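**Q** my_file19.txt is reproduced below (compact mmCIF, C-alpha atoms).
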```txt
# COMPACT_ATOMS: atom_id res chain seq x y z
CA MET A 1 -47.43 -20.52 -2.19
CA PRO A 2 -50.26 -18.62 -0.50
CA LEU A 3 -51.70 -15.84 -2.62
CA ARG A 4 -50.73 -13.08 -0.18
CA GLN A 5 -47.08 -14.25 -0.16
CA LYS A 6 -47.15 -14.40 -3.94
CA ILE A 7 -48.53 -10.88 -4.23
CA LEU A 8 -45.92 -9.60 -1.74
CA ALA A 9 -43.00 -11.29 -3.59
CA ILE A 10 -44.20 -10.06 -7.02
CA SER A 11 -44.79 -6.52 -5.72
CA LEU A 12 -41.37 -6.37 -4.03
CA SER A 13 -39.52 -7.66 -7.09
CA ILE A 14 -41.35 -5.29 -9.45
CA GLY A 15 -40.71 -2.45 -6.99
CA LEU A 16 -37.01 -3.32 -6.89
CA ILE A 17 -36.73 -3.46 -10.69
CA ILE A 18 -38.55 -0.11 -11.07
CA LEU A 19 -36.33 1.47 -8.37
CA ILE A 20 -33.15 0.28 -10.13
CA PHE A 21 -34.41 1.58 -13.50
CA ASP A 22 -35.24 4.92 -11.93
CA LEU A 23 -31.84 5.19 -10.20
CA VAL A 24 -30.08 4.47 -13.50
CA ARG A 25 -32.37 6.96 -15.30
CA ARG A 26 -31.57 9.68 -12.77
CA LYS A 27 -27.85 8.82 -13.02
CA LYS A 28 -27.72 7.94 -9.32
CA LEU A 29 -26.59 4.42 -10.21
CA ARG A 30 -24.26 3.54 -13.05
CA GLU A 31 -25.33 0.84 -15.50
CA GLU A 32 -22.32 -1.35 -14.72
CA TYR A 33 -23.28 -1.50 -11.04
CA SER A 34 -26.96 -2.11 -11.64
CA TRP A 35 -26.92 -5.52 -13.32
CA LEU A 36 -26.54 -7.65 -10.16
CA TRP A 37 -29.37 -5.80 -8.42
CA MET A 38 -31.50 -6.16 -11.52
CA LEU A 39 -30.72 -9.88 -11.64
CA THR A 40 -31.80 -10.23 -8.00
CA GLY A 41 -35.14 -8.54 -8.77
CA VAL A 42 -35.73 -10.67 -11.87
CA VAL A 43 -34.91 -13.95 -10.05
CA ILE A 44 -37.31 -13.10 -7.21
CA PHE A 45 -40.00 -12.25 -9.78
CA ILE A 46 -39.53 -15.51 -11.72
CA LEU A 47 -39.60 -17.63 -8.56
CA ALA A 48 -42.70 -15.81 -7.34
CA ILE A 49 -44.72 -16.38 -10.52
CA TRP A 50 -43.30 -19.81 -11.36
CA TYR A 51 -44.03 -21.70 -8.16
CA ASP A 52 -43.21 -25.13 -9.66
CA LEU A 53 -39.68 -23.97 -10.36
CA LEU A 54 -39.33 -22.88 -6.72
CA ILE A 55 -40.58 -26.31 -5.56
CA PHE A 56 -38.16 -28.02 -7.96
CA ILE A 57 -35.18 -25.97 -6.67
CA THR A 58 -36.29 -26.58 -3.06
CA HIS A 59 -36.12 -30.36 -3.69
CA LEU A 60 -32.85 -29.95 -5.57
CA VAL A 61 -31.07 -28.16 -2.73
CA GLY A 62 -32.65 -30.40 -0.08
CA ALA A 63 -34.60 -27.64 1.67
CA VAL A 64 -37.93 -28.33 3.40
CA LEU A 65 -39.81 -25.10 2.81
CA PRO A 66 -39.90 -23.06 -0.44
CA ALA A 67 -39.49 -19.92 1.71
CA SER A 68 -36.12 -21.26 2.93
CA THR A 69 -34.99 -21.57 -0.71
CA LEU A 70 -35.99 -17.98 -1.37
CA PHE A 71 -34.09 -16.78 1.74
CA PHE A 72 -31.08 -18.91 0.86
CA PHE A 73 -30.81 -17.49 -2.66
CA GLY A 74 -31.54 -14.01 -1.36
CA ILE A 75 -28.59 -14.21 1.05
CA PHE A 76 -26.40 -15.83 -1.59
CA PHE A 77 -27.11 -12.95 -3.98
CA LEU A 78 -26.30 -10.42 -1.26
CA VAL A 79 -22.95 -12.16 -0.66
CA LEU A 80 -22.24 -12.04 -4.40
CA ILE A 81 -23.17 -8.37 -4.57
CA ASN A 82 -20.91 -7.56 -1.60
CA LEU A 83 -18.04 -9.46 -3.16
CA TYR A 84 -18.57 -7.65 -6.45
CA PHE A 85 -18.47 -4.30 -4.68
CA SER A 86 -15.35 -5.28 -2.72
CA VAL A 87 -13.62 -5.94 -6.04
CA LYS A 88 -14.83 -2.59 -7.36
CA VAL A 89 -13.66 -0.79 -4.18
CA SER A 90 -10.21 -2.41 -4.54
CA THR A 91 -10.00 -1.21 -8.13
CA LEU A 92 -11.11 2.27 -7.16
CA SER A 93 -8.56 2.36 -4.30
CA ASN A 94 -5.79 1.57 -6.76
CA GLN A 95 -7.01 4.27 -9.13
CA VAL A 96 -7.23 6.84 -6.33
CA LYS A 97 -3.71 5.90 -5.22
CA GLU A 98 -2.31 6.34 -8.74
CA LEU A 99 -4.07 9.69 -9.15
CA ALA A 100 -3.00 11.01 -5.74
CA GLN A 101 0.62 10.00 -6.37
CA LYS A 102 0.61 11.60 -9.81
CA GLN A 103 -0.97 14.78 -8.44
CA ALA A 104 1.62 15.00 -5.63
CA LEU A 105 4.52 14.50 -8.06
CA LEU A 106 3.08 17.01 -10.54
CA GLU A 107 2.57 19.55 -7.78
CA SER A 108 6.16 19.13 -6.67
CA TYR A 109 7.32 19.57 -10.25
CA VAL A 110 5.23 22.73 -10.67
CA ASP A 111 6.69 24.12 -7.43
CA GLU A 112 10.22 23.34 -8.63
CA SER A 113 9.57 25.02 -11.98
CA ARG A 114 8.11 28.09 -10.29
CA ILE A 115 11.10 28.43 -7.94
CA LYS A 116 13.51 27.96 -10.86
CA LYS A 117 11.66 30.59 -12.88
CA GLU A 118 11.77 33.04 -9.97
CA ASP A 119 15.49 32.36 -9.48
CA ASP A 120 16.16 32.89 -13.20
CA ALA A 121 14.19 36.14 -13.17
CA GLY A 122 16.09 37.35 -10.11
CA SER A 123 19.55 36.67 -11.53
CA MET B 1 16.75 23.17 -1.84
CA ASP B 2 18.64 20.10 -3.03
CA ASN B 3 20.15 20.22 -6.50
CA LYS B 4 19.71 16.46 -7.15
CA LYS B 5 23.32 15.82 -7.98
CA ALA B 6 23.88 13.32 -5.22
CA GLU B 7 24.22 9.63 -5.78
CA ILE B 8 22.02 8.74 -2.82
CA LEU B 9 18.49 9.82 -2.08
CA VAL B 10 17.03 9.42 1.39
CA ILE B 11 13.26 8.99 1.39
CA ILE B 12 11.44 9.84 4.61
CA PRO B 13 7.71 8.99 4.55
CA ALA B 14 5.93 11.00 7.21
CA TYR B 15 2.43 11.16 8.60
CA ASN B 16 1.74 13.59 11.44
CA GLU B 17 5.36 13.64 12.57
CA GLU B 18 5.85 17.38 13.10
CA LYS B 19 7.43 16.74 16.50
CA SER B 20 10.19 14.48 15.21
CA ILE B 21 10.71 15.27 11.52
CA GLU B 22 13.06 18.19 12.10
CA LYS B 23 15.37 16.17 14.32
CA VAL B 24 15.38 13.27 11.85
CA ILE B 25 16.29 15.52 8.91
CA LYS B 26 19.03 17.22 10.93
CA GLY B 27 20.34 13.81 11.91
CA VAL B 28 20.53 12.73 8.27
CA LYS B 29 22.23 15.98 7.25
CA GLU B 30 24.83 15.59 9.98
CA SER B 31 25.50 11.90 9.36
CA ALA B 32 25.38 11.97 5.57
CA PRO B 33 25.71 15.54 4.28
CA GLU B 34 26.29 14.36 0.71
CA VAL B 35 22.84 12.82 0.22
CA ASP B 36 19.64 14.36 -1.10
CA ILE B 37 16.56 14.12 1.09
CA VAL B 38 12.91 13.95 0.12
CA VAL B 39 10.11 13.90 2.65
CA ILE B 40 6.84 12.36 1.51
CA ASP B 41 4.12 13.97 3.59
CA ASP B 42 1.31 11.43 3.50
CA GLY B 43 -1.63 13.77 3.92
CA SER B 44 -0.63 14.91 7.41
CA THR B 45 -3.13 16.98 9.33
CA ASP B 46 -0.43 18.72 11.37
CA ASN B 47 2.54 20.85 10.23
CA THR B 48 4.79 17.99 9.12
CA ALA B 49 5.30 19.40 5.61
CA LYS B 50 5.97 22.90 6.93
CA ALA B 51 8.50 21.63 9.48
CA ALA B 52 10.28 19.61 6.80
CA ARG B 53 10.39 22.52 4.34
CA LYS B 54 11.91 24.68 7.04
CA CYS B 55 14.87 22.30 7.05
CA GLY B 56 15.44 23.02 3.36
CA VAL B 57 14.58 19.62 1.96
CA LYS B 58 12.29 18.62 -0.87
CA VAL B 59 8.76 17.84 0.29
CA ILE B 60 6.11 16.03 -1.72
CA SER B 61 2.65 16.12 -0.19
CA HIS B 62 -0.15 13.66 -0.76
CA SER B 63 -3.48 15.44 -0.67
CA ILE B 64 -4.98 12.48 1.21
CA ASN B 65 -3.56 9.86 3.55
CA LEU B 66 -2.68 6.83 1.43
CA GLY B 67 -0.57 4.76 3.81
CA TYR B 68 3.10 4.26 4.62
CA GLY B 69 3.79 1.99 1.65
CA ILE B 70 2.21 4.28 -0.90
CA ALA B 71 4.19 7.22 0.48
CA LEU B 72 7.34 5.19 -0.05
CA GLN B 73 6.26 4.31 -3.58
CA THR B 74 5.70 8.01 -4.36
CA GLY B 75 9.28 8.52 -3.17
CA TYR B 76 10.48 5.77 -5.54
CA LYS B 77 8.60 7.35 -8.44
CA TYR B 78 10.16 10.70 -7.61
CA ALA B 79 13.62 9.14 -7.38
CA LEU B 80 13.28 7.63 -10.85
CA ARG B 81 13.07 11.12 -12.33
CA PHE B 82 16.69 11.69 -11.35
CA PRO B 83 19.83 9.61 -11.73
CA TYR B 84 20.06 8.41 -8.13
CA ARG B 85 21.81 5.08 -7.85
CA ILE B 86 20.97 4.26 -4.24
CA ILE B 87 17.83 4.97 -2.25
CA VAL B 88 17.73 4.82 1.52
CA GLN B 89 14.41 4.83 3.31
CA LEU B 90 14.01 5.67 6.94
CA ASP B 91 11.11 6.45 9.22
CA ALA B 92 10.20 9.94 10.35
CA ASP B 93 9.49 8.93 13.95
CA GLY B 94 13.16 8.92 14.88
CA GLN B 95 13.46 5.15 15.36
CA HIS B 96 16.10 4.71 12.68
CA SER B 97 19.51 6.10 13.43
CA PRO B 98 20.85 8.16 10.48
CA THR B 99 24.40 7.26 11.60
CA CYS B 100 23.80 3.83 10.04
CA ILE B 101 23.04 5.19 6.54
CA HIS B 102 26.61 4.64 5.39
CA SER B 103 26.71 1.13 6.82
CA LEU B 104 23.73 0.28 4.59
CA THR B 105 25.00 2.00 1.46
CA ASN B 106 28.51 0.58 1.81
CA VAL B 107 27.10 -2.95 1.70
CA LEU B 108 25.21 -2.08 -1.48
CA ARG B 109 28.33 -0.64 -3.09
CA ASN B 110 30.76 -3.35 -2.12
CA ASN B 111 28.67 -6.46 -2.66
CA SER B 112 26.47 -7.93 -5.34
CA VAL B 113 23.51 -7.07 -3.16
CA ASP B 114 20.40 -5.20 -4.31
CA VAL B 115 18.59 -4.61 -1.02
CA VAL B 116 20.09 -4.08 2.42
CA ILE B 117 17.83 -4.30 5.44
CA GLY B 118 18.83 -2.76 8.75
CA SER B 119 17.99 -5.28 11.45
CA ARG B 120 17.40 -4.49 15.10
CA PHE B 121 17.84 -8.15 16.02
CA LEU B 122 21.29 -8.83 14.62
CA GLY B 123 24.21 -8.37 16.98
CA ASN B 124 23.76 -7.78 20.69
CA ARG B 125 20.84 -5.44 20.46
CA LYS B 126 17.82 -5.71 22.71
CA TYR B 127 14.27 -5.21 21.50
CA SER B 128 11.55 -4.20 23.93
CA GLY B 129 8.31 -5.33 22.27
CA SER B 130 5.44 -7.39 23.62
CA TRP B 131 5.90 -11.21 23.59
CA ILE B 132 3.08 -11.65 21.07
CA ARG B 133 4.68 -9.18 18.74
CA LYS B 134 8.07 -10.83 19.14
CA LEU B 135 6.48 -14.23 18.44
CA GLY B 136 4.77 -12.93 15.28
CA MET B 137 8.01 -11.37 14.05
CA LYS B 138 9.90 -14.60 14.76
CA ILE B 139 7.39 -16.73 12.82
CA PHE B 140 7.52 -14.48 9.77
CA SER B 141 11.28 -14.22 10.03
CA VAL B 142 11.59 -18.04 9.90
CA ILE B 143 9.13 -18.32 6.99
CA THR B 144 10.91 -15.57 5.04
CA SER B 145 14.37 -17.01 5.70
CA LEU B 146 13.26 -20.45 4.52
CA ILE B 147 11.73 -19.12 1.31
CA ALA B 148 14.41 -16.54 0.53
CA GLY B 149 17.29 -18.83 1.46
CA GLU B 150 18.92 -15.98 3.35
CA ARG B 151 18.73 -15.32 7.08
CA ILE B 152 16.27 -12.49 7.62
CA THR B 153 15.75 -11.59 11.26
CA ASP B 154 13.83 -8.34 11.00
CA THR B 155 11.17 -8.55 8.31
CA SER B 156 9.32 -5.46 9.48
CA SER B 157 12.29 -3.10 9.46
CA GLY B 158 11.62 -0.04 7.34
CA PHE B 159 15.27 1.01 7.44
CA ARG B 160 16.48 -0.18 4.05
CA ALA B 161 18.81 0.74 1.22
CA LEU B 162 17.89 -0.20 -2.32
CA LYS B 163 19.54 -0.07 -5.70
CA ARG B 164 17.89 1.84 -8.52
CA GLU B 165 16.80 -1.38 -10.26
CA VAL B 166 14.86 -2.37 -7.16
CA ILE B 167 13.00 0.93 -6.89
CA ASP B 168 12.23 0.72 -10.60
CA PHE B 169 10.62 -2.63 -9.82
CA PHE B 170 8.80 -1.32 -6.73
CA ALA B 171 7.56 1.80 -8.49
CA HIS B 172 5.62 -0.29 -10.98
CA ILE B 173 4.11 -3.06 -8.90
CA ASP B 174 1.00 -3.11 -6.75
CA TYR B 175 3.02 -1.96 -3.74
CA PRO B 176 1.50 -2.83 -0.33
CA SER B 177 0.01 0.23 1.31
CA ASP B 178 0.36 -0.83 4.94
CA TYR B 179 3.15 -3.20 5.95
CA GLN B 180 6.49 -3.56 4.10
CA ASP B 181 7.13 -6.93 5.54
CA ALA B 182 7.79 -10.60 4.88
CA ASP B 183 5.59 -10.66 1.77
CA LEU B 184 7.53 -7.84 0.14
CA ILE B 185 10.87 -9.47 0.96
CA ILE B 186 9.64 -12.74 -0.59
CA LEU B 187 8.39 -10.86 -3.66
CA THR B 188 11.73 -9.06 -3.98
CA HIS B 189 13.57 -12.36 -3.68
CA SER B 190 11.35 -14.06 -6.26
CA ALA B 191 12.00 -11.17 -8.66
CA GLY B 192 15.67 -12.17 -8.52
CA PHE B 193 17.06 -9.46 -6.27
CA CYS B 194 19.70 -10.27 -3.69
CA ILE B 195 18.82 -9.27 -0.12
CA LYS B 196 21.15 -8.87 2.84
CA GLU B 197 20.68 -7.87 6.44
CA ILE B 198 23.06 -5.91 8.62
CA PRO B 199 22.76 -4.86 12.25
CA VAL B 200 21.67 -1.26 12.85
CA ALA B 201 20.96 0.87 15.87
CA MET B 202 17.31 1.66 16.47
CA ASN B 203 16.05 4.24 18.93
CA GLU B 204 12.84 4.38 20.89
CA ARG B 205 10.26 6.21 18.79
CA LYS B 206 10.17 9.94 19.59
CA SER B 207 6.48 10.28 18.88
CA GLY B 208 3.50 8.49 17.35
CA LYS B 209 2.35 4.92 17.82
CA SER B 210 3.57 1.67 16.27
CA VAL B 211 1.52 0.36 13.35
CA LEU B 212 1.68 -3.04 15.02
CA ALA B 213 -0.20 -2.25 18.19
CA GLY B 214 -3.36 -3.73 19.70
CA THR B 215 -5.87 -5.42 17.41
CA LYS B 216 -3.86 -4.41 14.35
CA LEU B 217 -1.47 -7.18 15.28
CA ILE B 218 -4.15 -9.80 14.49
CA TYR B 219 -4.87 -8.17 11.14
CA TYR B 220 -1.13 -7.99 10.48
CA GLY B 221 -0.74 -11.75 11.06
CA PHE B 222 -3.68 -12.60 8.82
CA LYS B 223 -2.67 -10.18 6.07
CA MET B 224 0.91 -11.34 6.06
CA LEU B 225 0.04 -15.04 5.84
CA LEU B 226 -2.44 -14.46 3.03
CA SER B 227 -0.05 -12.18 1.21
CA ILE B 228 2.84 -14.66 1.45
CA MET B 229 0.63 -17.46 0.13
CA VAL B 230 -0.65 -15.50 -2.87
CA THR B 231 2.85 -14.16 -3.59
CA LEU B 232 4.10 -17.74 -3.80
CA LEU B 233 1.18 -18.80 -5.99
CA ARG B 234 1.54 -15.92 -8.43
CA GLU B 235 3.74 -16.01 -11.50
CA LYS B 236 7.31 -14.93 -10.70
CA PRO B 237 7.73 -11.21 -11.33
CA HIS B 238 10.41 -9.94 -13.68
CA LYS B 239 12.85 -7.43 -12.32
CA LYS B 240 13.92 -6.17 -15.73
CA ARG B 241 11.05 -4.27 -17.07
CA GLU B 242 10.60 -2.17 -20.12
CA LYS B 243 11.09 1.49 -19.40
CA ILE B 244 7.79 2.97 -18.39
CA LYS B 245 7.20 6.62 -19.06
CA CYS B 246 7.56 8.48 -15.80
CA LEU B 247 6.82 12.10 -15.13
CA CYS B 248 9.28 13.76 -17.41
CA VAL B 249 10.47 17.34 -17.65
CA LYS B 250 10.06 17.32 -21.43
CA LYS B 251 6.37 16.51 -21.09
CA PHE B 252 5.61 20.03 -19.94
```
Re-express the file's structure as structure tokens.
**A**
Amino acid sequence: MPLRQKILAISLSIGLIILIFDLVRRKKLREEYSWLWMLTGVVIFILAIWYDLLIFITHLVGAVLPASTLFFFGIFFLVLINLYFSVKVSTLSNQVKELAQKQALLESYVDESRIKKEDDAGS
Amino acid sequence: MDNKKAEILVIIPAYNEEKSIEKVIKGVKESAPEVDIVVIDDGSTDNTAKAARKCGVKVISHSINLGYGIALQTGYKYALRFPYRIIVQLDADGQHSPTCIHSLTNVLRNNSVDVVIGSRFLGNRKYSGSWIRKLGMKIFSVITSLIAGERITDTSSGFRALKREVIDFFAHIDYPSDYQDADLIILTHSAGFCIKEIPVAMNERKSGKSVLAGTKLIYYGFKMLLSIMVTLLREKPHKKREKIKCLCVKKF
């Protein structure tokens, strides 16, 4: 791998890891959502410094250029991350649904109680 | 306000139906004065809730729009707080004729049936939908009939009557938020409930737009096929569940 490419890959991966740490530190990103991003940064870093491993994986997957392997795994990670977030969004949708239903039923009960109380006070 | 002493509860899920809701409620009151009515306002941005309250019925409002199915499920959860034995659901757009409420409930009372679906295709009734929509409905009707072992002609009909046991089941499952269709009928059948269809009169909608229009039809076909497949692959649900704590008066 040419030196400039290596420097770029290492800088980007370190930058990504630092950014994720900072987001978690500032509570902009929850720990449970950060691990896949962190993994992506670490994998890019390892492949950038350990060129032989990248060559080995390139041969293993049948790619011609090491850069193709990097792109392939990059896209694969993005797909995984999207899938992970789709699962999380589905869970959150269910939780929002449960909460909104409970709130609507509670509100109706409170209204009923208030009307009953007013009726009792009036009679 | 209703005093919840009736045997039947009519659930009307409504989203932005201020133009038709009043007429629908009046229709129900005229056709079946003995029933209780609850309108589930699914986060409407117009005066649906206000119009319904004016008619003197119970209104439960979602603070956000959650979808037709979830509005129905809120209605089921509400119904479980009271000793209703039969629940009838009908749409707020005026498509379902309240005069057929008794036809549905009578079948539930007189037969060992748990769910009665009002079909627009049974009898000599004409349906004016696009050919693609008719084709989609036909395919799902055939699939559902084959799996359920009972002729189901109108899988997408929202005009249904259900026994309390069924709403207890529906209140505690991951109820579909958009379409109450073939997948739900198959799920209900696999839970051991008996389903029957009867012919009902359906009117042209008074306002609003069908949920099965335009590109949504493609999504509907995909969603339904996927949902049917996963329903068949999942473990059979149990209709008799342990009593789950619902919102209870004593809790306050």
**Q** Output as a tab-separated table one row per residue of chain B within 7 Å of chain A: the closest atom pair and its distance in Å to one decimal place, counting only C-alpha atoms, sorted by chain and residue number ascending.
**A**
```
residue	atom	partner	partner_atom	distance
B:Ile60	CA	A:Ser108	CA	5.8
B:Ser61	CA	A:Ala104	CA	5.6
B:His62	CA	A:Ala104	CA	5.4
B:Ser63	CA	A:Ala100	CA	6.7
B:Leu66	CA	A:Lys97	CA	6.8
B:Thr74	CA	A:Gln101	CA	5.8
B:Tyr78	CA	A:Leu105	CA	6.8
```
**Q** Excluding Ile49 (chain A) and any residue of its chain fewer than 3 positions from it, enumerate the residues within 9 Å of it, using all atoms listed in the file, and give them as a list in words.
**A** Lys6, Ala9, Ile10, Ile44, Phe45, Ile46 and Asp52 of chain A
**Q** (-1.7, -7.9, 11.1) in this file's frame - what residues fall within 12 Å of it? Use all atoms listed in the file and give the answer as a PyMOL selection string.
**A** chain B and resi 132-133+136-137+140+156+178-182+211-227
**Q** Between CA of Ile75 (chain A) and CA of Met229 (chain B), what is the distance in Å, rounded to a tenth?
**A**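 Going from CA of Ile75 (chain A) over to CA of Met229 (chain B) covers 29.4 Å.
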**Q** So how many Å separate CA of His96 (chain B) and CA of Glu30 (chain B), to one decimal?
**A**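 Taking CA of His96 (chain B) as the start and CA of Glu30 (chain B) as the end point, the length is 14.2 Å.
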**Q** Please indicate the distance in Å from CA of Phe71 (chain A) to CA of Leu19 (chain A), rounded to one decimal place.
**A**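 Interatomic distance here is 21.0 Å.
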**Q** List the spatial neighbours of Gly41 (chain A) as a list of chain:residue names - criterion: any atom at most 8 Å away, all atoms listed in the file, same-chain residues fewer than 3 positions off excluded.
**A**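 My reading of the contact set: A:Ser13, A:Ile14, A:Leu16, A:Ile17, A:Trp37, A:Met38, A:Ile44, A:Phe45.
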**Q** From (10.8, 19.1, 10.4), in the file's coordinates, out to 7 Å: which residues are reached, counting all atoms listed in the file? Answer as an MDAnalysis selection string.
**A** chainID B and resid 18 20:23 25 48 51:55
**Q** For Val88 (chain B), which residue out of B:Thr153, B:Gln73, B:Asn111, B:Thr105 is the nearest one, using only C-alpha atoms?
**A** B:Thr105
**Q** Let me make sure I understand: among A:Val79, A:Ala48, A:Leu99, A:Phe85, which one has the smallest atom-to-atom distance to Ala67 (chain A) if we use all atoms listed in the file?
**A** A:Ala48
**Q** In terms of the shortest atom-to-atom distance over only C-alpha atoms, which of A:Lys116, A:Leu92, A:Leu53, A:Leu36 is closest to Phe77 (chain A)?
**A**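 The answer is A:Leu36, which sits nearest to Phe77 (chain A).
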**Q** Write out as JSON, numbers by chain which residues come within 8 Å of Glu150 (chain B) when counting all atoms listed in the file, dropping same-chain ones fewer than 4 positions away.
**A** {"B": [145, 146, 195, 196]}
**Q** Mind writing the picked residues with C-alpha atoms as a PDB file, in the coordinates of the input?
**A**
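selection.pdb, freshly written:
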```pdb
ATOM      1  CA  SER B 145      14.370 -17.010   5.700  1.00  0.00           C
ATOM      2  CA  LEU B 146      13.260 -20.450   4.520  1.00  0.00           C
ATOM      3  CA  ILE B 195      18.820  -9.270  -0.120  1.00  0.00           C
ATOM      4  CA  LYS B 196      21.150  -8.870   2.840  1.00  0.00           C
TER       5      LYS B 196
END
```
**Q** Counting all atoms listed in the file, figure out which residue out of B:Asp154, B:Glu165, B:Asp41, B:Glu34 gets nearest to His238 (chain B).
**A**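 Once distances to His238 (chain B) are computed over all atoms listed in the file, the minimum belongs to B:Glu165.
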